[in-house]
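For reference, upload_23.cif is printed below; it contains mmCIF, C-alpha atoms and all ligand atoms.
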```
data_input
#
loop_
_atom_site.group_PDB
_atom_site.id
_atom_site.type_symbol
_atom_site.label_atom_id
_atom_site.label_comp_id
_atom_site.auth_asym_id
_atom_site.auth_seq_id
_atom_site.Cartn_x
_atom_site.Cartn_y
_atom_site.Cartn_z
ATOM 1 C CA MET R 1 86.133 107.832 115.601
ATOM 2 C CA SER R 2 82.485 106.851 115.338
ATOM 3 C CA ALA R 3 81.458 103.444 113.992
ATOM 4 C CA ARG R 4 81.225 103.163 110.246
ATOM 5 C CA LYS R 5 77.633 102.714 108.996
ATOM 6 C CA ILE R 6 77.308 99.687 106.751
ATOM 7 C CA ILE R 7 74.774 97.565 104.898
ATOM 8 C CA ILE R 8 75.784 93.911 104.514
ATOM 9 C CA ASP R 9 74.421 92.414 101.291
ATOM 10 C CA THR R 10 74.798 88.673 101.511
ATOM 11 C CA ASP R 11 73.946 85.100 100.426
ATOM 12 C CA PRO R 12 74.886 83.011 103.495
ATOM 13 C CA GLY R 13 76.931 80.733 103.001
ATOM 14 C CA GLN R 14 79.262 79.666 105.848
ATOM 15 C CA ASP R 15 81.886 82.302 104.993
ATOM 16 C CA ASP R 16 79.185 84.988 104.770
ATOM 17 C CA ALA R 17 78.085 83.852 108.239
ATOM 18 C CA VAL R 18 81.567 84.438 109.670
ATOM 19 C CA ALA R 19 81.725 87.853 107.984
ATOM 20 C CA ILE R 20 78.404 88.815 109.600
ATOM 21 C CA LEU R 21 79.492 87.505 113.016
ATOM 22 C CA LEU R 22 82.694 89.547 112.799
ATOM 23 C CA ALA R 23 80.717 92.711 112.013
ATOM 24 C CA LEU R 24 78.165 92.130 114.766
ATOM 25 C CA ALA R 25 80.999 91.484 117.226
ATOM 26 C CA SER R 26 82.608 94.851 116.426
ATOM 27 C CA PRO R 27 80.159 97.645 117.316
ATOM 28 C CA GLU R 28 82.946 100.114 118.060
ATOM 29 C CA GLU R 29 84.065 100.084 114.448
ATOM 30 C CA ILE R 30 80.941 98.891 112.607
ATOM 31 C CA ASP R 31 77.301 99.967 112.810
ATOM 32 C CA VAL R 32 75.200 97.451 110.845
ATOM 33 C CA LEU R 33 72.221 99.439 109.515
ATOM 34 C CA GLY R 34 70.728 96.315 107.989
ATOM 35 C CA ILE R 35 71.436 93.002 106.326
ATOM 36 C CA THR R 36 70.035 92.477 102.839
ATOM 37 C CA ALA R 37 69.712 88.926 101.545
ATOM 38 C CA VAL R 38 70.199 88.039 97.896
ATOM 39 C CA ALA R 39 69.943 84.802 95.922
ATOM 40 C CA GLY R 40 73.375 83.254 95.368
ATOM 41 C CA ASN R 41 74.931 80.309 97.162
ATOM 42 C CA VAL R 42 71.375 79.033 97.694
ATOM 43 C CA PRO R 43 67.947 80.475 96.753
ATOM 44 C CA LEU R 44 66.682 83.650 98.461
ATOM 45 C CA THR R 45 64.351 81.981 100.986
ATOM 46 C CA LEU R 46 67.358 80.130 102.397
ATOM 47 C CA THR R 47 69.806 83.052 102.336
ATOM 48 C CA SER R 48 67.218 85.165 104.176
ATOM 49 C CA LYS R 49 66.640 82.411 106.720
ATOM 50 C CA ASN R 50 70.385 81.844 107.147
ATOM 51 C CA ALA R 51 71.030 85.560 107.703
ATOM 52 C CA ARG R 52 68.527 85.491 110.567
ATOM 53 C CA ILE R 53 69.978 82.255 111.992
ATOM 54 C CA VAL R 54 73.371 83.981 112.104
ATOM 55 C CA CYS R 55 72.011 87.134 113.800
ATOM 56 C CA GLU R 56 70.408 84.960 116.477
ATOM 57 C CA LEU R 57 73.605 82.933 116.866
ATOM 58 C CA ALA R 58 75.388 86.242 117.478
ATOM 59 C CA GLY R 59 72.806 87.158 120.120
ATOM 60 C CA LYS R 60 71.718 90.152 117.983
ATOM 61 C CA PRO R 61 68.081 89.404 117.090
ATOM 62 C CA ASP R 62 67.337 93.120 116.741
ATOM 63 C CA THR R 63 69.382 93.311 113.555
ATOM 64 C CA LYS R 64 67.149 94.175 110.603
ATOM 65 C CA VAL R 65 67.132 91.623 107.768
ATOM 66 C CA TYR R 66 65.567 92.378 104.379
ATOM 67 C CA GLU R 67 64.864 90.076 101.436
ATOM 68 C CA GLY R 68 66.012 91.292 98.058
ATOM 69 C CA CYS R 69 66.233 89.886 94.548
ATOM 70 C CA ASP R 70 65.536 86.210 93.980
ATOM 71 C CA ARG R 71 67.327 86.076 90.625
ATOM 72 C CA PRO R 72 70.071 87.910 88.727
ATOM 73 C CA MET R 73 69.256 90.981 86.623
ATOM 74 C CA GLY R 74 69.552 89.313 83.249
ATOM 75 C CA ARG R 75 70.354 85.627 83.680
ATOM 76 C CA GLU R 76 69.125 82.436 85.305
ATOM 77 C CA LEU R 77 70.230 81.908 88.914
ATOM 78 C CA VAL R 78 73.254 79.643 89.438
ATOM 79 C CA THR R 79 73.677 78.320 93.001
ATOM 80 C CA ALA R 80 76.522 76.603 94.873
ATOM 81 C CA GLU R 81 75.067 73.805 97.013
ATOM 82 C CA HIS R 82 78.045 71.715 95.892
ATOM 83 C CA VAL R 83 80.189 73.988 98.085
ATOM 84 C CA HIS R 84 77.884 75.130 100.886
ATOM 85 C CA GLY R 85 75.491 72.153 101.204
ATOM 86 C CA LYS R 86 71.733 71.952 100.713
ATOM 87 C CA THR R 87 70.837 74.643 103.265
ATOM 88 C CA GLY R 88 73.804 76.902 102.462
ATOM 89 C CA LEU R 89 74.835 76.694 106.093
ATOM 90 C CA ASN R 90 75.532 72.973 106.454
ATOM 91 C CA GLY R 91 77.798 71.962 109.317
ATOM 92 C CA PRO R 92 76.471 72.996 112.726
ATOM 93 C CA VAL R 93 72.943 72.229 113.893
ATOM 94 C CA LEU R 94 71.400 75.635 114.544
ATOM 95 C CA PRO R 95 67.807 76.453 115.523
ATOM 96 C CA ALA R 96 65.343 77.873 112.984
ATOM 97 C CA PRO R 97 65.132 81.645 113.447
ATOM 98 C CA ILE R 98 62.438 83.335 115.487
ATOM 99 C CA MET R 99 63.318 86.715 113.975
ATOM 100 C CA LYS R 100 61.037 87.882 111.195
ATOM 101 C CA VAL R 101 62.204 89.339 107.935
ATOM 102 C CA GLU R 102 61.372 93.068 107.501
ATOM 103 C CA ASP R 103 58.431 93.946 105.227
ATOM 104 C CA GLN R 104 60.371 96.271 102.930
ATOM 105 C CA HIS R 105 62.157 94.914 99.830
ATOM 106 C CA ALA R 106 65.948 95.032 100.248
ATOM 107 C CA VAL R 107 66.434 97.202 97.154
ATOM 108 C CA ASN R 108 64.034 99.823 98.545
ATOM 109 C CA PHE R 109 65.705 99.601 101.959
ATOM 110 C CA ILE R 110 69.083 100.305 100.343
ATOM 111 C CA ILE R 111 67.641 103.247 98.387
ATOM 112 C CA ASP R 112 65.761 104.777 101.343
ATOM 113 C CA THR R 113 68.681 104.324 103.734
ATOM 114 C CA LEU R 114 71.185 105.957 101.407
ATOM 115 C CA ARG R 115 68.787 108.815 100.631
ATOM 116 C CA ALA R 116 68.386 109.439 104.352
ATOM 117 C CA HIS R 117 72.147 109.878 104.840
ATOM 118 C CA ASP R 118 74.661 112.552 103.887
ATOM 119 C CA ALA R 119 76.902 112.118 100.859
ATOM 120 C CA GLY R 120 79.757 109.655 101.368
ATOM 121 C CA THR R 121 78.601 108.252 104.699
ATOM 122 C CA VAL R 122 77.294 104.699 104.136
ATOM 123 C CA THR R 123 79.504 101.729 103.236
ATOM 124 C CA LEU R 124 78.069 98.828 101.243
ATOM 125 C CA CYS R 125 79.493 95.371 101.908
ATOM 126 C CA PRO R 126 78.395 92.921 99.207
ATOM 127 C CA LEU R 127 79.295 89.305 99.993
ATOM 128 C CA GLY R 128 77.303 87.667 97.206
ATOM 129 C CA PRO R 129 76.103 88.387 93.654
ATOM 130 C CA LEU R 130 75.660 92.134 93.157
ATOM 131 C CA THR R 131 71.978 91.970 92.152
ATOM 132 C CA ASN R 132 70.526 94.037 95.020
ATOM 133 C CA ILE R 133 73.160 96.758 94.730
ATOM 134 C CA GLY R 134 73.066 96.867 90.911
ATOM 135 C CA SER R 135 69.255 97.065 90.985
ATOM 136 C CA ALA R 136 69.328 99.878 93.567
ATOM 137 C CA PHE R 137 71.873 101.873 91.524
ATOM 138 C CA GLU R 138 69.851 101.363 88.337
ATOM 139 C CA LYS R 139 66.582 102.388 89.988
ATOM 140 C CA ALA R 140 67.983 105.339 91.954
ATOM 141 C CA PRO R 141 71.314 106.599 90.588
ATOM 142 C CA ASP R 142 71.078 109.580 92.964
ATOM 143 C CA ILE R 143 72.078 107.279 95.863
ATOM 144 C CA ILE R 144 75.545 106.572 94.443
ATOM 145 C CA GLU R 145 76.967 109.805 95.892
ATOM 146 C CA LYS R 146 75.808 108.699 99.352
ATOM 147 C CA VAL R 147 78.165 105.718 99.272
ATOM 148 C CA GLN R 148 81.350 106.094 101.311
ATOM 149 C CA GLU R 149 82.861 102.935 99.881
ATOM 150 C CA ILE R 150 81.796 99.586 98.458
ATOM 151 C CA VAL R 151 83.947 96.845 99.996
ATOM 152 C CA LEU R 152 83.043 93.640 98.190
ATOM 153 C CA MET R 153 84.110 90.027 97.879
ATOM 154 C CA GLY R 154 84.268 89.014 94.250
ATOM 155 C CA GLY R 155 86.407 88.467 91.207
ATOM 156 C CA ALA R 156 89.947 87.279 90.692
ATOM 157 C CA TYR R 157 92.942 88.062 88.523
ATOM 158 C CA PHE R 158 95.852 85.721 89.274
ATOM 159 C CA GLU R 159 93.524 82.966 90.545
ATOM 160 C CA VAL R 160 91.210 83.516 87.548
ATOM 161 C CA GLY R 161 88.013 81.571 88.315
ATOM 162 C CA ASN R 162 86.328 79.162 90.711
ATOM 163 C CA ILE R 163 82.869 78.589 89.193
ATOM 164 C CA THR R 164 84.186 78.641 85.606
ATOM 165 C CA PRO R 165 87.826 78.653 84.438
ATOM 166 C CA ALA R 166 87.464 82.423 83.947
ATOM 167 C CA ALA R 167 85.065 83.704 86.600
ATOM 168 C CA GLU R 168 84.609 83.906 90.345
ATOM 169 C CA PHE R 169 81.162 82.872 91.637
ATOM 170 C CA ASN R 170 79.730 86.197 92.914
ATOM 171 C CA ILE R 171 80.544 88.080 89.713
ATOM 172 C CA TYR R 172 79.609 85.168 87.434
ATOM 173 C CA VAL R 173 76.119 84.832 88.900
ATOM 174 C CA ASP R 174 75.187 88.419 88.025
ATOM 175 C CA PRO R 175 77.703 90.028 85.661
ATOM 176 C CA GLN R 176 75.192 92.703 84.553
ATOM 177 C CA ALA R 177 74.790 93.884 88.151
ATOM 178 C CA ALA R 178 78.555 93.752 88.695
ATOM 179 C CA ASP R 179 79.066 95.846 85.565
ATOM 180 C CA ILE R 180 76.691 98.512 86.897
ATOM 181 C CA VAL R 181 78.538 98.583 90.225
ATOM 182 C CA PHE R 182 82.040 98.764 88.711
ATOM 183 C CA LYS R 183 80.944 101.537 86.337
ATOM 184 C CA SER R 184 79.095 103.477 89.074
ATOM 185 C CA GLY R 185 81.958 105.765 90.049
ATOM 186 C CA ALA R 186 81.577 104.868 93.746
ATOM 187 C CA PRO R 187 84.875 104.105 95.541
ATOM 188 C CA ILE R 188 85.336 100.315 95.439
ATOM 189 C CA VAL R 189 87.608 97.931 97.359
ATOM 190 C CA VAL R 190 87.681 94.401 95.920
ATOM 191 C CA MET R 191 88.571 91.247 97.863
ATOM 192 C CA PRO R 192 89.234 88.815 94.990
ATOM 193 C CA LEU R 193 90.155 85.132 95.189
ATOM 194 C CA ASP R 194 93.774 86.315 94.895
ATOM 195 C CA VAL R 195 93.609 87.419 98.519
ATOM 196 C CA THR R 196 90.921 85.121 99.951
ATOM 197 C CA HIS R 197 92.896 82.059 98.849
ATOM 198 C CA LYS R 198 95.620 83.288 101.221
ATOM 199 C CA ALA R 199 93.155 83.327 104.149
ATOM 200 C CA LEU R 200 93.054 79.564 104.705
ATOM 201 C CA VAL R 201 91.511 78.029 107.807
ATOM 202 C CA THR R 202 94.246 75.560 108.680
ATOM 203 C CA LYS R 203 93.634 73.042 111.468
ATOM 204 C CA PRO R 204 95.308 75.138 114.197
ATOM 205 C CA ARG R 205 93.270 78.168 113.120
ATOM 206 C CA ASN R 206 90.020 76.198 113.223
ATOM 207 C CA ASP R 207 91.008 74.711 116.589
ATOM 208 C CA ALA R 208 91.402 78.262 117.866
ATOM 209 C CA PHE R 209 87.741 78.911 116.988
ATOM 210 C CA ARG R 210 86.599 75.601 118.509
ATOM 211 C CA ASN R 211 88.659 76.175 121.651
ATOM 212 C CA LEU R 212 86.798 79.407 122.348
ATOM 213 C CA GLY R 213 84.349 76.880 123.778
ATOM 214 C CA THR R 214 81.410 79.187 123.054
ATOM 215 C CA LYS R 215 78.315 78.513 120.944
ATOM 216 C CA VAL R 216 79.680 80.857 118.278
ATOM 217 C CA GLY R 217 83.244 79.462 118.297
ATOM 218 C CA ILE R 218 82.028 75.875 118.010
ATOM 219 C CA ALA R 219 79.485 76.731 115.281
ATOM 220 C CA VAL R 220 82.162 78.536 113.232
ATOM 221 C CA ALA R 221 84.527 75.570 113.580
ATOM 222 C CA GLU R 222 81.752 73.201 112.458
ATOM 223 C CA MET R 223 80.866 75.413 109.507
ATOM 224 C CA THR R 224 84.488 75.351 108.412
ATOM 225 C CA ASP R 225 84.745 71.588 108.948
ATOM 226 C CA PHE R 226 81.952 71.229 106.392
ATOM 227 C CA PHE R 227 83.005 73.970 103.983
ATOM 228 C CA GLU R 228 86.667 72.982 103.757
ATOM 229 C CA ARG R 229 86.181 69.518 102.243
ATOM 230 C CA PHE R 230 85.398 71.096 98.879
ATOM 231 C CA ASP R 231 88.466 73.334 98.603
ATOM 232 C CA LYS R 232 90.846 70.771 100.110
ATOM 233 C CA GLU R 233 89.834 68.322 97.423
ATOM 234 C CA LYS R 234 89.811 70.882 94.617
ATOM 235 C CA TYR R 235 92.993 72.811 95.370
ATOM 236 C CA GLY R 236 94.851 70.373 97.623
ATOM 237 C CA SER R 237 95.057 73.248 100.121
ATOM 238 C CA ASP R 238 95.442 73.061 103.907
ATOM 239 C CA GLY R 239 91.940 74.365 104.564
ATOM 240 C CA ALA R 240 89.077 76.431 103.229
ATOM 241 C CA PRO R 241 89.500 80.069 102.253
ATOM 242 C CA LEU R 242 87.412 82.376 104.412
ATOM 243 C CA HIS R 243 86.416 84.656 101.543
ATOM 244 C CA ASP R 244 83.745 86.990 102.862
ATOM 245 C CA PRO R 245 85.200 87.840 106.310
ATOM 246 C CA CYS R 246 88.012 89.636 104.441
ATOM 247 C CA VAL R 247 85.416 92.345 103.740
ATOM 248 C CA THR R 248 84.426 92.983 107.349
ATOM 249 C CA ALA R 249 88.007 92.541 108.598
ATOM 250 C CA TYR R 250 89.069 95.300 106.179
ATOM 251 C CA LEU R 251 86.648 97.695 107.881
ATOM 252 C CA ILE R 252 88.236 96.970 111.254
ATOM 253 C CA GLN R 253 91.918 96.592 110.366
ATOM 254 C CA PRO R 254 92.611 97.786 106.795
ATOM 255 C CA GLU R 255 96.349 97.556 107.479
ATOM 256 C CA LEU R 256 96.059 93.760 107.273
ATOM 257 C CA PHE R 257 95.533 94.137 103.513
ATOM 258 C CA SER R 258 97.460 95.558 100.577
ATOM 259 C CA GLY R 259 96.579 96.046 96.940
ATOM 260 C CA ARG R 260 96.653 98.354 93.932
ATOM 261 C CA ARG R 261 94.344 101.022 92.603
ATOM 262 C CA ILE R 262 93.545 99.769 89.118
ATOM 263 C CA ASN R 263 90.893 99.524 86.423
ATOM 264 C CA VAL R 264 88.541 96.542 86.627
ATOM 265 C CA GLU R 265 86.007 95.741 83.901
ATOM 266 C CA ILE R 266 83.420 92.959 83.889
ATOM 267 C CA GLU R 267 82.924 90.567 80.969
ATOM 268 C CA THR R 268 79.207 90.565 80.116
ATOM 269 C CA GLN R 269 79.224 89.362 76.487
ATOM 270 C CA SER R 270 81.188 86.171 75.934
ATOM 271 C CA GLU R 271 79.635 82.987 77.367
ATOM 272 C CA LEU R 272 83.123 81.480 77.504
ATOM 273 C CA THR R 273 84.493 84.115 79.875
ATOM 274 C CA MET R 274 81.209 85.495 81.299
ATOM 275 C CA GLY R 275 81.708 87.286 84.623
ATOM 276 C CA MET R 276 85.469 87.519 84.330
ATOM 277 C CA THR R 277 86.985 90.467 86.213
ATOM 278 C CA VAL R 278 89.389 91.945 83.679
ATOM 279 C CA ALA R 279 91.772 93.561 86.152
ATOM 280 C CA ASP R 280 94.466 95.864 84.770
ATOM 281 C CA TRP R 281 96.957 94.866 87.492
ATOM 282 C CA TRP R 282 99.946 95.820 85.339
ATOM 283 C CA SER R 283 98.448 99.131 84.101
ATOM 284 C CA VAL R 284 98.671 98.235 80.440
ATOM 285 C CA THR R 285 95.377 99.692 79.199
ATOM 286 C CA GLY R 286 95.421 103.348 80.164
ATOM 287 C CA ARG R 287 91.836 102.909 81.430
ATOM 288 C CA ALA R 288 91.039 104.988 84.501
ATOM 289 C CA PRO R 289 91.334 103.167 87.845
ATOM 290 C CA ASN R 290 87.936 102.418 89.417
ATOM 291 C CA ALA R 291 88.821 100.080 92.300
ATOM 292 C CA ILE R 292 91.409 99.095 94.860
ATOM 293 C CA PHE R 293 92.112 95.458 94.028
ATOM 294 C CA ILE R 294 93.503 93.688 97.094
ATOM 295 C CA GLY R 295 96.298 91.184 96.521
ATOM 296 C CA ASP R 296 97.774 90.357 99.904
ATOM 297 C CA ILE R 297 96.797 89.747 103.500
ATOM 298 C CA ASP R 298 98.509 89.276 106.848
ATOM 299 C CA ALA R 299 96.728 85.946 107.352
ATOM 300 C CA ASP R 300 97.935 85.406 110.938
ATOM 301 C CA GLY R 301 96.749 88.892 111.882
ATOM 302 C CA PHE R 302 93.409 88.219 110.178
ATOM 303 C CA PHE R 303 92.825 84.972 112.093
ATOM 304 C CA SER R 304 93.876 86.558 115.400
ATOM 305 C CA LEU R 305 91.373 89.342 114.801
ATOM 306 C CA LEU R 306 88.649 86.819 114.001
ATOM 307 C CA ALA R 307 89.264 84.666 117.083
ATOM 308 C CA GLU R 308 89.458 87.709 119.348
ATOM 309 C CA ARG R 309 86.240 89.260 118.012
ATOM 310 C CA LEU R 310 84.265 85.995 117.900
ATOM 311 C CA SER R 311 85.190 85.445 121.562
ATOM 312 C CA ARG R 312 83.172 88.583 122.376
ATOM 313 C CA LEU R 313 79.875 87.070 121.173
HETATM 314 C C1 LIG R 401 82.229 83.578 97.018
HETATM 315 O O1 LIG R 401 81.204 82.718 96.540
HETATM 316 C C2 LIG R 401 80.507 82.127 97.608
HETATM 317 O O2 LIG R 401 80.478 80.762 97.429
HETATM 318 C C3 LIG R 401 81.196 82.553 98.871
HETATM 319 O O3 LIG R 401 80.244 82.815 99.894
HETATM 320 C C4 LIG R 401 81.946 83.793 98.490
HETATM 321 O O4 LIG R 401 81.159 84.955 98.657
HETATM 322 C C5 LIG R 401 83.569 82.974 96.698
HETATM 323 O O5 LIG R 401 83.719 82.808 95.328
HETATM 324 CA CA CA R 402 79.022 84.920 99.861
#
```

Here is the file; what I need is its structure written in the form of structure tokens.
Ligand code: BDR
Ligand code: CA
Amino acid sequence: MSARKIIIDTDPGQDDAVAILLALASPEEIDVLGITAVAGNVPLTLTSKNARIVCELAGKPDTKVYEGCDRPMGRELVTAEHVHGKTGLNGPVLPAPIMKVEDQHAVNFIIDTLRAHDAGTVTLCPLGPLTNIGSAFEKAPDIIEKVQEIVLMGGAYFEVGNITPAAEFNIYVDPQAADIVFKSGAPIVVMPLDVTHKALVTKPRNDAFRNLGTKVGIAVAEMTDFFERFDKEKYGSDGAPLHDPCVTAYLIQPELFSGRRINVEIETQSELTMGMTVADWWSVTGRAPNAIFIGDIDADGFFSLLAERLSRL
């Protein structure tokens, strides 16, 4: 089978970085057409810079990186330096990128790329707020039929929220964009907190990255060392959840994951529950399913895949 063509839409973020590294390490399964940066964990200038730092860390400086939206569609930007640090990529010391950002705006890159492909042939992988994708769908609804699948990290049902009691960060930051995406009719696979909180980087798992002894393995271990302090303190867990790599791992080994095809709606009205993913897990509404909502993961298999692929870089 030929490699699946994808666009990674991202706000790096240490876990975004690992998701990108996993994709770039897997050319047999994944063909990265471009990486589009969006404002999220940190402002756009930093997410764009971090995306390029990660491509260079992977030894893939030819990867095309585009800058997209610097704020959500209808709200003020909320960032997460309290989790990811001031740069968004705190932890390892990595050189400033030499790679330049592409001239084209990310939203136009998404539109032009999808228009240039046959129906159902490009997969979108959003790892941050859905602003770039929502804006592209709003501007050019004709591109929706070109999407093979949207595999995204966002939302929660059983775990409810992480940035507010009701909402997960990526959806909370731009609920209007998320609403456009979930109503688009494109096939969607959701990696919510319900599954990412089962993908914990315990000490032995982080040691496995460090023991690769490579620049990439050590950098990933140092990213996690930084990132995990927040979740350990908050949840009392054994390590940080590696949220975003669930998306790229799904493209390589979907059998590591299981979930249900259900209806998911986005709260866009109430300030109290803004950005909540109202997931009809128990099929009580009769609303038509619009997404596969993942609930479980073979965590050992996931971490073996990660260590094996990162060792290739
Ligand atoms: C999501 O928010 C960000 O902090 C992470 O990179 C991930 O995409 C988890 O809620
Ligand atoms: Ca992210």

Residues within 9 Å of (87.3, 80.7, 78.6), file coords, only C-alpha atoms, listed as a list in words |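 Result, sorted by chain then residue number: Thr164, Pro165, Ala166, Ala167, Ser270, Glu271, Leu272, Thr273 and Met274 of chain R.
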
Applied to this file, what does the PyMOL selection byres (((chain R and resi 264) around 7) and not hetatm) return in terms of residues, put as a PyMOL selection string?
-> chain R and resi 262-263+265-266+277-280+290-291

Exercise: residues within 10 Å of coordinate (92.9, 84.9, 91.1), counting all atoms listed in the file, as a PDB file with C-alpha atoms, in the frame of the given file:
```pdb
ATOM      1  CA  GLY R 155      86.407  88.467  91.207  1.00  0.00           C
ATOM      2  CA  ALA R 156      89.947  87.279  90.692  1.00  0.00           C
ATOM      3  CA  TYR R 157      92.942  88.062  88.523  1.00  0.00           C
ATOM      4  CA  PHE R 158      95.852  85.721  89.274  1.00  0.00           C
ATOM      5  CA  GLU R 159      93.524  82.966  90.545  1.00  0.00           C
ATOM      6  CA  VAL R 160      91.210  83.516  87.548  1.00  0.00           C
ATOM      7  CA  GLY R 161      88.013  81.571  88.315  1.00  0.00           C
ATOM      8  CA  ASN R 162      86.328  79.162  90.711  1.00  0.00           C
ATOM      9  CA  ALA R 166      87.464  82.423  83.947  1.00  0.00           C
ATOM     10  CA  ALA R 167      85.065  83.704  86.600  1.00  0.00           C
ATOM     11  CA  GLU R 168      84.609  83.906  90.345  1.00  0.00           C
ATOM     12  CA  PRO R 192      89.234  88.815  94.990  1.00  0.00           C
ATOM     13  CA  LEU R 193      90.155  85.132  95.189  1.00  0.00           C
ATOM     14  CA  ASP R 194      93.774  86.315  94.895  1.00  0.00           C
ATOM     15  CA  VAL R 195      93.609  87.419  98.519  1.00  0.00           C
ATOM     16  CA  THR R 196      90.921  85.121  99.951  1.00  0.00           C
ATOM     17  CA  HIS R 197      92.896  82.059  98.849  1.00  0.00           C
ATOM     18  CA  THR R 277      86.985  90.467  86.213  1.00  0.00           C
ATOM     19  CA  GLY R 295      96.298  91.184  96.521  1.00  0.00           C
TER      20      GLY R 295
END
```

With only C-alpha atoms as the basis for distance, which of R:Asp62, R:Glu145, R:Glu138, R:Asp103 is at the shortest distance from Asp179 of chain R?
->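 Selected residue with least distance to Asp179 of chain R: R:Glu138.
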
Of the candidates R:Gln148, R:Thr63, R:Asn211, R:Thr45, which shows the shortest atom-to-atom distance to Leu124 of chain R, using all atoms listed in the file?
-> R:Gln148

Got a sec: who's within 8 Å of Ile252 of chain R, counting only C-alpha atoms, leaving out chain neighbours fewer than 4 positions off, as a VMD selection string?
-> chain R and resid 26 29 to 30 248

Kindly compile the residues surrounding ligand LIG 401 (chain R) within 8 Å, counting all atoms listed in the file, and format them as a ChimeraX atom specification.
-> /R:10-16,40-41,80,83-84,127-129,153-155,162-163,168-170,193,243-244

Residue among R:Thr224, R:Gln176, R:Thr268, R:Thr47 lying closest to ligand CA 402 (chain R), counting all atoms listed in the file |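 Residue with the minimum atom-to-atom distance to ligand CA 402 (chain R): R:Thr47.
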
Name all residues at most 12 Å from Ile218 of chain R (count only C-alpha atoms; drop same-chain ones fewer than 2 positions away) and give them as a ChimeraX atom specification.
-> /R:18,57,91-94,206-216,220-225,307,310-311,313

Judged by only C-alpha atoms and all ligand atoms, the minimum distance to ligand CA 402 (chain R) among R:Leu242, R:Ala58, R:Leu33, R:Ala299 is found for R:Leu242

Report the residues retrieved by the PyMOL selection byres (((chain R and resi 186) around 12) and not hetatm) from the displayed file, expressed as a PyMOL selection string.
-> chain R and resi 119-124+133+137+141-151+180-185+187-189+289-292

Output requested as a short mmCIF file (atom, residue, chain, number, x, y, z; two decimals), in the coordinates of the input - segment 278-282 of chain R, filled out with all heavy atoms.
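Generated file (selection.cif):
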```
data_model
loop_
_atom_site.label_atom_id
_atom_site.label_comp_id
_atom_site.auth_asym_id
_atom_site.auth_seq_id
_atom_site.Cartn_x
_atom_site.Cartn_y
_atom_site.Cartn_z
N VAL R 278 88.21 91.61 84.48
CA VAL R 278 89.39 91.94 83.68
C VAL R 278 90.12 93.06 84.42
O VAL R 278 89.76 94.23 84.34
CB VAL R 278 88.97 92.36 82.26
CG1 VAL R 278 90.20 92.69 81.41
CG2 VAL R 278 88.15 91.24 81.61
N ALA R 279 91.11 92.65 85.21
CA ALA R 279 91.77 93.56 86.15
C ALA R 279 93.10 94.02 85.56
O ALA R 279 93.97 93.20 85.27
CB ALA R 279 92.01 92.83 87.48
N ASP R 280 93.25 95.32 85.40
CA ASP R 280 94.47 95.86 84.77
C ASP R 280 95.58 96.02 85.82
O ASP R 280 96.07 97.11 86.07
CB ASP R 280 94.13 97.20 84.10
CG ASP R 280 95.28 97.70 83.23
OD1 ASP R 280 96.27 96.96 83.05
OD2 ASP R 280 95.19 98.86 82.77
N TRP R 281 95.97 94.89 86.40
CA TRP R 281 96.96 94.87 87.49
C TRP R 281 98.28 95.51 87.08
O TRP R 281 98.95 96.14 87.86
CB TRP R 281 97.16 93.41 87.92
CG TRP R 281 98.05 93.24 89.11
CD1 TRP R 281 99.37 92.87 89.09
CD2 TRP R 281 97.71 93.43 90.49
NE1 TRP R 281 99.86 92.81 90.37
CE2 TRP R 281 98.87 93.16 91.26
CE3 TRP R 281 96.54 93.80 91.17
CZ2 TRP R 281 98.90 93.23 92.65
CZ3 TRP R 281 96.57 93.88 92.56
CH2 TRP R 281 97.73 93.61 93.27
N TRP R 282 98.64 95.33 85.81
CA TRP R 282 99.95 95.82 85.34
C TRP R 282 99.82 97.16 84.61
O TRP R 282 100.77 97.59 83.96
CB TRP R 282 100.60 94.77 84.41
CG TRP R 282 100.79 93.45 85.09
CD1 TRP R 282 100.13 92.29 84.83
CD2 TRP R 282 101.69 93.15 86.17
NE1 TRP R 282 100.54 91.28 85.67
CE2 TRP R 282 101.51 91.78 86.50
CE3 TRP R 282 102.62 93.89 86.90
CZ2 TRP R 282 102.22 91.15 87.52
CZ3 TRP R 282 103.34 93.26 87.91
CH2 TRP R 282 103.13 91.91 88.21
#
```
